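File shown here: target.cif, holding mmCIF, C-alpha atoms and all ligand atoms.
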```
data_target
loop_
_atom_site.label_atom_id
_atom_site.label_comp_id
_atom_site.auth_asym_id
_atom_site.auth_seq_id
_atom_site.Cartn_x
_atom_site.Cartn_y
_atom_site.Cartn_z
CA MET A 150 -161.86 35.01 15.40
CA THR A 151 -162.15 31.72 17.24
CA VAL A 152 -159.78 31.22 20.13
CA ALA A 153 -158.90 27.58 20.67
CA THR A 154 -159.33 26.42 24.25
CA PRO A 155 -156.42 24.22 25.35
CA SER A 156 -157.60 20.66 25.75
CA PRO A 157 -156.40 18.53 28.70
CA SER A 158 -154.09 16.67 26.31
CA THR A 159 -152.27 19.96 25.51
CA ALA A 160 -151.26 20.22 29.15
CA VAL A 161 -149.76 16.74 29.04
CA GLU A 162 -147.91 17.52 25.80
CA THR A 163 -146.22 20.64 27.23
CA ASP A 164 -144.51 18.38 29.75
CA THR A 165 -143.15 16.15 27.01
CA LEU A 166 -139.49 16.96 26.61
CA VAL A 167 -138.54 14.25 24.14
CA ASN A 168 -140.88 12.89 21.54
CA VAL A 169 -139.68 10.01 19.39
CA ASP A 170 -142.39 9.55 16.82
CA ASP A 171 -142.53 6.29 14.89
CA ILE A 172 -138.88 6.26 13.83
CA THR A 173 -137.11 3.80 11.59
CA ILE A 174 -133.33 3.87 11.25
CA GLN A 175 -131.60 1.93 8.54
CA PHE A 176 -127.84 1.75 8.07
CA ASP A 177 -126.74 1.13 4.50
CA THR A 178 -123.23 0.03 3.78
CA LYS A 179 -121.75 -1.15 0.48
CA LYS A 180 -122.21 -4.78 1.49
CA SER A 181 -125.37 -4.78 3.56
CA SER A 182 -128.27 -2.92 4.96
CA VAL A 183 -129.34 -3.11 8.62
CA VAL A 184 -132.64 -1.91 9.99
CA ALA A 185 -131.54 -0.97 13.51
CA LEU A 186 -134.92 0.42 14.60
CA ARG A 187 -138.40 0.08 13.15
CA GLY A 188 -141.51 1.97 14.21
CA VAL A 189 -140.12 3.13 17.55
CA SER A 190 -142.13 5.69 19.50
CA LEU A 191 -141.19 6.97 22.93
CA GLN A 192 -142.01 10.02 24.97
CA ILE A 193 -139.98 11.32 27.88
CA GLN A 194 -141.67 13.72 30.25
CA ARG A 195 -139.77 16.50 32.03
CA GLY A 196 -138.18 15.17 35.22
CA GLU A 197 -138.57 11.50 34.26
CA PHE A 198 -135.79 8.94 34.47
CA ILE A 199 -136.22 6.27 31.87
CA ALA A 200 -134.09 3.16 31.57
CA ILE A 201 -133.83 1.29 28.28
CA VAL A 202 -132.99 -2.42 28.37
CA GLY A 203 -132.90 -5.06 25.68
CA PRO A 204 -130.74 -7.72 24.06
CA SER A 205 -127.47 -6.78 22.44
CA GLY A 206 -127.95 -5.17 19.04
CA CYS A 207 -131.61 -4.20 19.54
CA GLY A 208 -130.81 -0.55 18.83
CA LYS A 209 -130.59 1.00 22.31
CA SER A 210 -127.52 3.11 21.47
CA THR A 211 -129.00 4.01 18.10
CA LEU A 212 -132.12 5.28 19.86
CA LEU A 213 -130.06 7.49 22.22
CA ARG A 214 -128.01 8.76 19.30
CA ALA A 215 -131.18 9.60 17.38
CA ILE A 216 -132.49 11.60 20.36
CA SER A 217 -129.21 13.52 20.53
CA GLY A 218 -129.31 14.19 16.79
CA ILE A 219 -126.02 12.37 16.10
CA THR A 220 -127.78 9.69 14.03
CA PRO A 221 -130.45 10.85 11.58
CA THR A 222 -133.72 8.97 11.30
CA THR A 223 -134.63 7.25 8.05
CA GLU A 224 -138.35 7.64 8.74
CA GLY A 225 -140.31 9.35 11.50
CA SER A 226 -139.12 12.22 13.64
CA VAL A 227 -137.60 13.16 16.98
CA SER A 228 -138.37 16.40 18.74
CA LEU A 229 -136.95 18.05 21.82
CA ARG A 230 -139.17 20.59 23.58
CA GLY A 231 -141.29 20.57 20.43
CA ASP A 232 -138.36 21.42 18.08
CA GLN A 233 -137.61 18.84 15.46
CA VAL A 234 -134.14 17.33 15.87
CA VAL A 235 -132.30 17.69 12.55
CA GLY A 236 -128.65 17.51 13.68
CA PRO A 237 -126.49 17.25 16.80
CA ARG A 238 -128.13 19.17 19.64
CA GLN A 239 -126.55 21.52 22.14
CA ASP A 240 -129.28 20.94 24.72
CA VAL A 241 -128.47 17.31 25.49
CA GLY A 242 -125.73 15.84 27.65
CA PHE A 243 -124.22 12.49 26.65
CA VAL A 244 -122.30 10.08 28.90
CA PHE A 245 -120.64 7.05 27.31
CA GLN A 246 -119.43 3.75 28.78
CA ARG A 247 -115.83 5.01 28.60
CA PRO A 248 -115.34 8.41 30.21
CA ALA A 249 -113.10 9.57 27.30
CA LEU A 250 -111.16 12.10 29.36
CA MET A 251 -108.11 13.85 27.94
CA PRO A 252 -105.17 12.12 29.71
CA TRP A 253 -103.04 15.30 29.89
CA ARG A 254 -105.78 17.50 31.34
CA ASP A 255 -106.65 17.52 35.03
CA VAL A 256 -110.23 16.96 36.21
CA ARG A 257 -111.19 20.64 36.20
CA ARG A 258 -109.74 21.25 32.73
CA ASN A 259 -111.42 18.09 31.39
CA ILE A 260 -114.78 19.37 32.62
CA LEU A 261 -114.12 22.84 31.22
CA LEU A 262 -113.43 21.32 27.81
CA GLN A 263 -117.19 21.39 27.30
CA ALA A 264 -117.17 25.17 27.83
CA GLU A 265 -114.34 25.62 25.34
CA MET A 266 -116.09 23.51 22.72
CA ARG A 267 -119.32 25.45 23.13
CA GLY A 268 -117.80 28.89 23.55
CA MET A 269 -119.50 29.36 26.93
CA ASP A 270 -118.88 32.37 29.12
CA ARG A 271 -115.69 31.53 31.03
CA ALA A 272 -116.62 32.92 34.43
CA GLU A 273 -120.03 31.26 34.34
CA ALA A 274 -118.53 27.94 33.19
CA ARG A 275 -115.98 28.04 36.02
CA GLU A 276 -118.68 28.68 38.58
CA ARG A 277 -120.79 25.79 37.29
CA CYS A 278 -117.71 23.58 37.13
CA GLU A 279 -116.95 24.18 40.82
CA ASP A 280 -120.58 23.50 41.72
CA LEU A 281 -120.58 20.21 39.78
CA ILE A 282 -117.26 19.12 41.30
CA GLN A 283 -118.76 19.58 44.73
CA PHE A 284 -122.10 18.05 43.74
CA THR A 285 -120.50 14.86 42.39
CA GLY A 286 -118.05 14.45 45.27
CA LEU A 287 -114.90 15.29 43.30
CA THR A 288 -113.73 18.02 45.69
CA GLY A 289 -110.01 17.59 46.33
CA PHE A 290 -109.45 15.89 42.96
CA GLU A 291 -109.72 18.97 40.75
CA LYS A 292 -106.04 18.87 39.88
CA SER A 293 -105.76 15.10 39.46
CA LEU A 294 -105.06 13.61 36.06
CA PRO A 295 -107.44 10.89 34.80
CA HIS A 296 -104.94 8.06 35.42
CA GLN A 297 -104.76 9.12 39.08
CA LEU A 298 -108.51 8.54 39.50
CA SER A 299 -110.56 5.39 40.07
CA GLY A 300 -113.02 4.31 37.33
CA GLY A 301 -115.93 5.70 39.35
CA MET A 302 -114.18 9.06 39.81
CA GLN A 303 -113.41 9.23 36.09
CA GLN A 304 -117.06 8.63 35.30
CA ARG A 305 -118.04 11.38 37.76
CA ALA A 306 -115.74 13.78 35.89
CA ALA A 307 -117.32 12.71 32.58
CA LEU A 308 -120.74 13.31 34.11
CA CYS A 309 -119.71 16.82 35.22
CA ARG A 310 -118.49 17.54 31.71
CA SER A 311 -121.79 16.42 30.19
CA LEU A 312 -123.78 18.56 32.66
CA LEU A 313 -121.69 21.74 32.44
CA HIS A 314 -123.87 23.37 29.76
CA GLN A 315 -127.03 22.52 31.75
CA PRO A 316 -128.62 20.26 29.14
CA ASP A 317 -132.36 19.72 29.14
CA VAL A 318 -131.90 15.99 28.96
CA LEU A 319 -129.09 13.69 30.05
CA LEU A 320 -128.51 10.62 27.86
CA MET A 321 -126.34 7.85 29.27
CA ASP A 322 -125.14 4.83 27.31
CA GLU A 323 -124.02 2.08 29.74
CA PRO A 324 -122.16 4.65 31.88
CA PHE A 325 -121.45 2.21 34.70
CA GLY A 326 -120.92 -0.92 32.57
CA ALA A 327 -117.13 -0.89 32.89
CA LEU A 328 -117.09 -0.47 36.69
CA ASP A 329 -116.67 -3.24 39.25
CA ALA A 330 -119.89 -4.32 41.02
CA LEU A 331 -119.31 -2.37 44.25
CA THR A 332 -118.35 0.88 42.51
CA ARG A 333 -121.29 0.46 40.19
CA GLU A 334 -123.67 0.15 43.13
CA LYS A 335 -122.15 3.27 44.71
CA MET A 336 -122.52 5.18 41.45
CA ASN A 337 -126.15 4.05 41.19
CA VAL A 338 -126.84 5.53 44.62
CA GLU A 339 -125.06 8.76 43.63
CA MET A 340 -126.96 8.93 40.35
CA GLN A 341 -130.25 8.48 42.20
CA ARG A 342 -129.40 11.40 44.48
CA MET A 343 -128.27 13.63 41.61
CA TRP A 344 -131.39 12.97 39.56
CA ARG A 345 -133.61 13.64 42.56
CA GLU A 346 -131.85 16.79 43.71
CA ARG A 347 -131.47 18.39 40.29
CA ASP A 348 -134.58 17.00 38.66
CA MET A 349 -132.53 15.96 35.62
CA THR A 350 -134.60 14.43 32.84
CA SER A 351 -132.59 11.31 32.08
CA ALA A 352 -132.47 8.33 29.75
CA LEU A 353 -130.14 5.47 30.62
CA VAL A 354 -129.21 2.45 28.50
CA THR A 355 -128.16 -0.48 30.64
CA HIS A 356 -127.77 -4.25 30.59
CA SER A 357 -128.46 -4.43 34.33
CA VAL A 358 -132.11 -5.00 35.22
CA ALA A 359 -131.46 -4.09 38.88
CA GLU A 360 -129.80 -0.80 37.87
CA ALA A 361 -132.69 -0.02 35.51
CA VAL A 362 -135.43 -0.63 38.08
CA TYR A 363 -133.58 1.03 40.97
CA LEU A 364 -132.95 4.24 39.01
CA ALA A 365 -135.87 4.59 36.66
CA THR A 366 -139.36 5.95 36.93
CA ARG A 367 -140.11 3.94 33.78
CA VAL A 368 -138.35 0.97 32.19
CA VAL A 369 -138.57 0.53 28.42
CA VAL A 370 -137.91 -3.01 27.21
CA MET A 371 -136.74 -3.35 23.62
CA GLY A 372 -136.57 -6.35 21.32
CA ALA A 373 -134.33 -7.04 18.33
CA ARG A 374 -134.48 -7.66 14.60
CA PRO A 375 -135.35 -4.98 13.93
CA GLY A 376 -135.15 -2.98 17.15
CA HIS A 377 -138.57 -2.14 18.58
CA VAL A 378 -140.21 -1.31 21.90
CA VAL A 379 -141.72 -4.45 23.45
CA GLU A 380 -143.22 -2.99 26.61
CA GLU A 381 -142.88 -0.16 29.11
CA PHE A 382 -143.23 -0.46 32.88
CA THR A 383 -143.88 2.37 35.30
CA VAL A 384 -141.86 1.87 38.48
CA ASN A 385 -144.11 2.80 41.39
CA LEU A 386 -141.39 3.49 43.92
CA PRO A 387 -140.77 6.75 45.81
CA ARG A 388 -138.50 9.38 44.25
CA GLU A 389 -136.05 8.96 47.10
CA ARG A 390 -134.81 5.38 47.09
CA ASP A 391 -132.60 3.78 49.67
CA TYR A 392 -130.59 1.06 47.88
CA GLU A 393 -131.04 -1.83 50.33
CA GLU A 394 -134.70 -1.05 51.01
CA THR A 395 -135.45 -0.79 47.30
CA MET A 396 -133.80 -4.15 46.61
CA GLU A 397 -136.29 -5.70 49.05
CA ASP A 398 -139.34 -3.78 47.91
CA PRO A 399 -142.11 -5.94 46.33
CA GLU A 400 -142.56 -3.30 43.58
CA PHE A 401 -138.88 -3.61 42.67
CA HIS A 402 -139.27 -7.40 42.41
CA ARG A 403 -142.51 -7.12 40.44
CA VAL A 404 -141.00 -4.88 37.76
CA ALA A 405 -137.59 -6.59 37.69
CA GLY A 406 -139.32 -9.99 37.37
CA ARG A 407 -141.49 -8.86 34.42
CA VAL A 408 -138.51 -7.24 32.69
CA ARG A 409 -136.38 -10.37 33.14
CA GLU A 410 -139.20 -12.56 31.81
CA LEU A 411 -139.50 -10.41 28.69
CA LEU A 412 -135.75 -10.31 28.15
CA GLY A 413 -135.60 -14.09 28.59
CA SER A 414 -138.24 -14.68 25.97
CA ALA A 415 -136.59 -12.11 23.64
CA SER A 416 -133.23 -13.89 23.80
CA SER A 417 -134.78 -17.36 23.47
CA HIS A 418 -136.11 -16.26 20.05
CA GLU A 419 -132.67 -15.25 18.85
N1 LIG B 501 -123.07 3.21 12.16
C1 LIG B 501 -123.59 2.00 11.91
N2 LIG B 501 -123.44 1.42 10.68
C2 LIG B 501 -123.98 0.21 10.42
N3 LIG B 501 -124.68 -0.52 11.33
C3 LIG B 501 -124.83 -0.01 12.55
C4 LIG B 501 -124.30 1.28 12.92
N4 LIG B 501 -124.62 1.54 14.21
C5 LIG B 501 -125.32 0.46 14.64
N5 LIG B 501 -125.45 -0.46 13.66
C6 LIG B 501 -126.19 -1.73 13.75
O1 LIG B 501 -127.46 -1.43 14.25
C7 LIG B 501 -127.90 -2.43 15.17
C8 LIG B 501 -128.19 -1.79 16.52
O2 LIG B 501 -126.98 -1.36 17.11
P1 LIG B 501 -126.91 -0.65 18.54
O3 LIG B 501 -125.48 -0.40 18.84
O4 LIG B 501 -127.83 0.50 18.54
O5 LIG B 501 -127.50 -1.77 19.50
P2 LIG B 501 -127.45 -1.88 21.09
O6 LIG B 501 -128.77 -2.41 21.52
O7 LIG B 501 -127.01 -0.59 21.67
O8 LIG B 501 -126.32 -2.99 21.29
P3 LIG B 501 -125.39 -3.31 22.58
O9 LIG B 501 -126.31 -3.64 23.70
O10 LIG B 501 -124.59 -4.50 22.14
O11 LIG B 501 -124.54 -2.09 22.83
C9 LIG B 501 -126.78 -3.47 15.22
O12 LIG B 501 -127.11 -4.50 14.30
C10 LIG B 501 -125.57 -2.70 14.75
O13 LIG B 501 -124.63 -3.55 14.12
#
```

In structure tokens, what does this structure look like?
Amino acid sequence: MTVATPSPSTAVETDTLVNVDDITIQFDTKKSSVVALRGVSLQIQRGEFIAIVGPSGCGKSTLLRAISGITPTTEGSVSLRGDQVVGPRQDVGFVFQRPALMPWRDVRRNILLQAEMRGMDRAEARERCEDLIQFTGLTGFEKSLPHQLSGGMQQRAALCRSLLHQPDVLLMDEPFGALDALTREKMNVEMQRMWRERDMTSALVTHSVAEAVYLATRVVVMGARPGHVVEEFTVNLPRERDYEETMEDPEFHRVAGRVRELLGSASSHE
């Protein structure tokens, strides 16, 4: 019997958490047919933070939804930890632009909703919930109702809810898009710390180039009609990033400049 010796590429592949392999997604309605994505391939390594930017309608949300299994692919495949994604997955966390909290439930009970939906062990869920409340700076607000919280606090609660089941990958679709500029900046700094401290493999869709480059280890630029990957940029900045220092770092300006150039030429072709 011949025993295969692992090749160096096998070692790289074991670190690949998400593998989007040449996917096409077409939406057919009675009146029309839209190719949202064509020939999109993307790999996310364990511990990476990728940011996806691109003009409106280029399929960024569709790509996140395909990774989470909510939207099926028309062609190609998506796999998570080597398992093909064929339906909604339990091992991803999803944060949307609107926190979508239940108005009649307090913060703690909104977070624990995840445990109820997934039938998690109650004692374990409660313990994780308390840890996340502390981790995201919500201590003291456990009993507050959503309308008693600021937008940033609401989004923190939504983040706790999406992390309660300890997903392998955190997908975020414009999570800070509805916040005012100052709160957004504060949330960016918090997100940077959380990613670093918990090593959360993350994918973020954003319209903000600064947010993308500040947070990401890699920025993926997409183009439209149909949605495709134009280019990817590795961000060679340290894992721990001070906000002000990063904003002045030549590497930040190099990547942000290239991304803006590409986005400018993408929208000028619209
Ligand atoms: N469920 C659906 N049915 C039909 N068409 C859809 C559906 N979801 C998305 N689309 C279309 O697919 C294309 C990509 O949409 P998507 O929301 O993924 O883009 P996006 O880059 O996230 O846009 P934005 O930046 O404006 O949020 C658009 O043309 C959109 O109208």

request  = Could you tell me how far CA of Ser414 in chain A lies from CA of Val183 in chain A, in Å and to one decimal?
outcome  =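 Between CA of Ser414 in chain A and CA of Val183 in chain A the gap is 22.7 Å.
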
request  = Write as an MDAnalysis selection string the residues around ligand LIG 501 (chain B), taking 12 Å as the cut-off and counting all atoms listed in the file.
outcome  = chainID A and resid 173:187 201:215 219:221 245:246 321:324 326 353:357 370:378

Do you know which residues are at most 12 Å from Met343 in chain A counting only C-alpha atoms, after dropping those on the same chain fewer than 4 positions away, and could you put them as a CSV table (one decimal) with C-alpha atoms, in the frame of the given file?
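Result saved to out_34.csv:
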```csv
chain,number,residue,atom,x,y,z
A,196,GLY,CA,-138.2,15.2,35.2
A,198,PHE,CA,-135.8,8.9,34.5
A,281,LEU,CA,-120.6,20.2,39.8
A,283,GLN,CA,-118.8,19.6,44.7
A,284,PHE,CA,-122.1,18.0,43.7
A,285,THR,CA,-120.5,14.9,42.4
A,286,GLY,CA,-118.0,14.4,45.3
A,305,ARG,CA,-118.0,11.4,37.8
A,308,LEU,CA,-120.7,13.3,34.1
A,309,CYS,CA,-119.7,16.8,35.2
A,312,LEU,CA,-123.8,18.6,32.7
A,319,LEU,CA,-129.1,13.7,30.0
A,336,MET,CA,-122.5,5.2,41.4
A,337,ASN,CA,-126.2,4.0,41.2
A,338,VAL,CA,-126.8,5.5,44.6
A,339,GLU,CA,-125.1,8.8,43.6
A,347,ARG,CA,-131.5,18.4,40.3
A,348,ASP,CA,-134.6,17.0,38.7
A,349,MET,CA,-132.5,16.0,35.6
A,350,THR,CA,-134.6,14.4,32.8
A,351,SER,CA,-132.6,11.3,32.1
A,364,LEU,CA,-133.0,4.2,39.0
A,388,ARG,CA,-138.5,9.4,44.2
A,389,GLU,CA,-136.0,9.0,47.1
A,390,ARG,CA,-134.8,5.4,47.1
```

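For the pair CA of Val358 in chain A and CA of Phe382 in chain A, the separation is 12.2 Å.
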
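If you look at CA of Phe243 in chain A and CA of Leu261 in chain A, they are 15.2 Å away from each other.
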
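Each of A:Pro248, A:Gln315, A:Leu386, A:Glu279 was checked against Gly301 in chain A using only C-alpha atoms; the smallest atom-to-atom distance is that of A:Pro248.
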
key: Phe290 in chain A surroundings by all atoms listed in the file, 9 Å radius, close-in-sequence under 6 positions cut, as JSON, numbers by chain   = {"A": [255, 256, 257, 282, 298, 302]}

request  = Between A:Gly300, A:Pro399, A:Gln239, A:Arg271, single out the one closest to Leu328 in chain A, counting only C-alpha atoms.
outcome  =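 When distances to Leu328 in chain A are compared using only C-alpha atoms, the smallest one comes from A:Gly300.
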
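Of the listed residues A:Pro316, A:Ala361, A:Arg367, A:Ala264, the one whose atoms come nearest to Glu334 in chain A is A:Ala361, with distances taken using all atoms listed in the file.
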
task = May I have the protein, DNA and RNA residues with an atom at most 10 Å from (-140.1, 10.0, 14.3), counting all atoms listed in the file in the file's coordinates, returned as an MDAnalysis selection string?
result = chainID A and resid 168:174 188:191 215:216 222:228 233:234

Axis-aligned box for all listed atoms of range 346-362 of chain A, 4 Å per side, centre and edges in Å to one decimal, as AutoDock Vina command-line options:
```
--center_x -131.6 --center_y 6.7 --center_z 36.1 --size_x 15.7 --size_y 31.4 --size_z 23.2
```

query = Which residues, written as number ranges by chain, have at least one atom at most 8 Å from Arg310 in chain A, with all atoms listed in the file counted and residues fewer than 6 positions away on the same chain left out?
reply = A: 259-263

key: Using all atoms listed in the file: which of A:Val241, A:Val384, A:Cys278, A:Ala249 has the shortest distance to His402 in chain A   =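 Closest residue, counting all atoms listed in the file: A:Val384.
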
inquiry  = Please determine, counting all atoms listed in the file, which residue among A:Val235, A:Gly218, A:Arg230, A:Ala306 has the shortest atom-to-atom distance to Arg258 in chain A.
reply    =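 Distance minimum relative to Arg258 in chain A lands on A:Ala306.
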
Using the incomplete input, complete range 248-278 of chain A to the level of N, CA and C atoms; output as a PDB file, in the coordinates of the input.
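Full text of result-v1.pdb as output:
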```pdb
ATOM      1  N   PRO A 248    -115.238   6.973  29.909  1.00  0.00           N
ATOM      2  CA  PRO A 248    -115.340   8.410  30.210  1.00  0.00           C
ATOM      3  C   PRO A 248    -114.686   9.332  29.176  1.00  0.00           C
ATOM      4  N   ALA A 249    -113.754   8.787  28.358  1.00  0.00           N
ATOM      5  CA  ALA A 249    -113.100   9.570  27.300  1.00  0.00           C
ATOM      6  C   ALA A 249    -112.583  10.923  27.790  1.00  0.00           C
ATOM      7  N   LEU A 250    -111.773  10.867  28.849  1.00  0.00           N
ATOM      8  CA  LEU A 250    -111.160  12.100  29.360  1.00  0.00           C
ATOM      9  C   LEU A 250    -109.815  12.298  28.667  1.00  0.00           C
ATOM     10  N   MET A 251    -109.412  13.552  28.526  1.00  0.00           N
ATOM     11  CA  MET A 251    -108.110  13.850  27.940  1.00  0.00           C
ATOM     12  C   MET A 251    -107.042  13.522  28.975  1.00  0.00           C
ATOM     13  N   PRO A 252    -106.110  12.574  28.681  1.00  0.00           N
ATOM     14  CA  PRO A 252    -105.170  12.120  29.710  1.00  0.00           C
ATOM     15  C   PRO A 252    -104.252  13.198  30.251  1.00  0.00           C
ATOM     16  N   TRP A 253    -103.977  14.251  29.458  1.00  0.00           N
ATOM     17  CA  TRP A 253    -103.040  15.300  29.890  1.00  0.00           C
ATOM     18  C   TRP A 253    -103.736  16.470  30.595  1.00  0.00           C
ATOM     19  N   ARG A 254    -105.056  16.408  30.684  1.00  0.00           N
ATOM     20  CA  ARG A 254    -105.780  17.500  31.340  1.00  0.00           C
ATOM     21  C   ARG A 254    -106.242  17.046  32.723  1.00  0.00           C
ATOM     22  N   ASP A 255    -106.152  17.905  33.705  1.00  0.00           N
ATOM     23  CA  ASP A 255    -106.650  17.520  35.030  1.00  0.00           C
ATOM     24  C   ASP A 255    -108.184  17.534  35.023  1.00  0.00           C
ATOM     25  N   VAL A 256    -108.773  17.109  36.140  1.00  0.00           N
ATOM     26  CA  VAL A 256    -110.230  16.960  36.210  1.00  0.00           C
ATOM     27  C   VAL A 256    -110.943  18.264  35.834  1.00  0.00           C
ATOM     28  N   ARG A 257    -110.504  19.365  36.463  1.00  0.00           N
ATOM     29  CA  ARG A 257    -111.190  20.640  36.200  1.00  0.00           C
ATOM     30  C   ARG A 257    -111.106  21.009  34.719  1.00  0.00           C
ATOM     31  N   ARG A 258    -109.914  20.840  34.136  1.00  0.00           N
ATOM     32  CA  ARG A 258    -109.740  21.250  32.730  1.00  0.00           C
ATOM     33  C   ARG A 258    -110.460  20.281  31.779  1.00  0.00           C
ATOM     34  N   ASN A 259    -110.628  19.026  32.204  1.00  0.00           N
ATOM     35  CA  ASN A 259    -111.420  18.090  31.390  1.00  0.00           C
ATOM     36  C   ASN A 259    -112.885  18.515  31.386  1.00  0.00           C
ATOM     37  N   ILE A 260    -113.371  18.937  32.537  1.00  0.00           N
ATOM     38  CA  ILE A 260    -114.780  19.370  32.620  1.00  0.00           C
ATOM     39  C   ILE A 260    -114.972  20.645  31.804  1.00  0.00           C
ATOM     40  N   LEU A 261    -113.991  21.554  31.915  1.00  0.00           N
ATOM     41  CA  LEU A 261    -114.120  22.840  31.220  1.00  0.00           C
ATOM     42  C   LEU A 261    -113.966  22.735  29.704  1.00  0.00           C
ATOM     43  N   LEU A 262    -113.533  21.559  29.256  1.00  0.00           N
ATOM     44  CA  LEU A 262    -113.430  21.320  27.810  1.00  0.00           C
ATOM     45  C   LEU A 262    -114.780  21.578  27.130  1.00  0.00           C
ATOM     46  N   GLN A 263    -115.818  21.182  27.823  1.00  0.00           N
ATOM     47  CA  GLN A 263    -117.190  21.390  27.300  1.00  0.00           C
ATOM     48  C   GLN A 263    -117.436  22.879  27.027  1.00  0.00           C
ATOM     49  N   ALA A 264    -116.967  23.721  27.968  1.00  0.00           N
ATOM     50  CA  ALA A 264    -117.170  25.170  27.830  1.00  0.00           C
ATOM     51  C   ALA A 264    -116.389  25.701  26.636  1.00  0.00           C
ATOM     52  N   GLU A 265    -115.174  25.159  26.458  1.00  0.00           N
ATOM     53  CA  GLU A 265    -114.340  25.620  25.340  1.00  0.00           C
ATOM     54  C   GLU A 265    -114.979  25.232  24.021  1.00  0.00           C
ATOM     55  N   MET A 266    -115.478  23.983  23.970  1.00  0.00           N
ATOM     56  CA  MET A 266    -116.090  23.510  22.720  1.00  0.00           C
ATOM     57  C   MET A 266    -117.335  24.309  22.364  1.00  0.00           C
ATOM     58  N   ARG A 267    -118.055  24.758  23.371  1.00  0.00           N
ATOM     59  CA  ARG A 267    -119.320  25.450  23.130  1.00  0.00           C
ATOM     60  C   ARG A 267    -119.200  26.971  23.209  1.00  0.00           C
ATOM     61  N   GLY A 268    -117.997  27.442  23.465  1.00  0.00           N
ATOM     62  CA  GLY A 268    -117.800  28.890  23.550  1.00  0.00           C
ATOM     63  C   GLY A 268    -118.627  29.520  24.665  1.00  0.00           C
ATOM     64  N   MET A 269    -118.705  28.822  25.804  1.00  0.00           N
ATOM     65  CA  MET A 269    -119.500  29.360  26.930  1.00  0.00           C
ATOM     66  C   MET A 269    -118.750  30.485  27.627  1.00  0.00           C
ATOM     67  N   ASP A 270    -119.470  31.315  28.319  1.00  0.00           N
ATOM     68  CA  ASP A 270    -118.880  32.370  29.120  1.00  0.00           C
ATOM     69  C   ASP A 270    -117.948  31.736  30.166  1.00  0.00           C
ATOM     70  N   ARG A 271    -116.693  32.215  30.208  1.00  0.00           N
ATOM     71  CA  ARG A 271    -115.690  31.530  31.030  1.00  0.00           C
ATOM     72  C   ARG A 271    -115.976  31.593  32.527  1.00  0.00           C
ATOM     73  N   ALA A 272    -116.376  32.768  32.982  1.00  0.00           N
ATOM     74  CA  ALA A 272    -116.620  32.920  34.430  1.00  0.00           C
ATOM     75  C   ALA A 272    -117.803  32.048  34.853  1.00  0.00           C
ATOM     76  N   GLU A 273    -118.838  32.048  34.028  1.00  0.00           N
ATOM     77  CA  GLU A 273    -120.030  31.260  34.340  1.00  0.00           C
ATOM     78  C   GLU A 273    -119.694  29.761  34.320  1.00  0.00           C
ATOM     79  N   ALA A 274    -118.909  29.352  33.313  1.00  0.00           N
ATOM     80  CA  ALA A 274    -118.530  27.940  33.190  1.00  0.00           C
ATOM     81  C   ALA A 274    -117.722  27.504  34.411  1.00  0.00           C
ATOM     82  N   ARG A 275    -116.816  28.367  34.855  1.00  0.00           N
ATOM     83  CA  ARG A 275    -115.980  28.040  36.020  1.00  0.00           C
ATOM     84  C   ARG A 275    -116.824  27.873  37.270  1.00  0.00           C
ATOM     85  N   GLU A 276    -117.799  28.750  37.413  1.00  0.00           N
ATOM     86  CA  GLU A 276    -118.680  28.680  38.580  1.00  0.00           C
ATOM     87  C   GLU A 276    -119.480  27.373  38.565  1.00  0.00           C
ATOM     88  N   ARG A 277    -120.023  27.049  37.394  1.00  0.00           N
ATOM     89  CA  ARG A 277    -120.790  25.790  37.290  1.00  0.00           C
ATOM     90  C   ARG A 277    -119.894  24.583  37.500  1.00  0.00           C
ATOM     91  N   CYS A 278    -118.674  24.678  36.997  1.00  0.00           N
ATOM     92  CA  CYS A 278    -117.710  23.580  37.130  1.00  0.00           C
ATOM     93  C   CYS A 278    -117.454  23.302  38.619  1.00  0.00           C
TER      94      CYS A 278
END
```
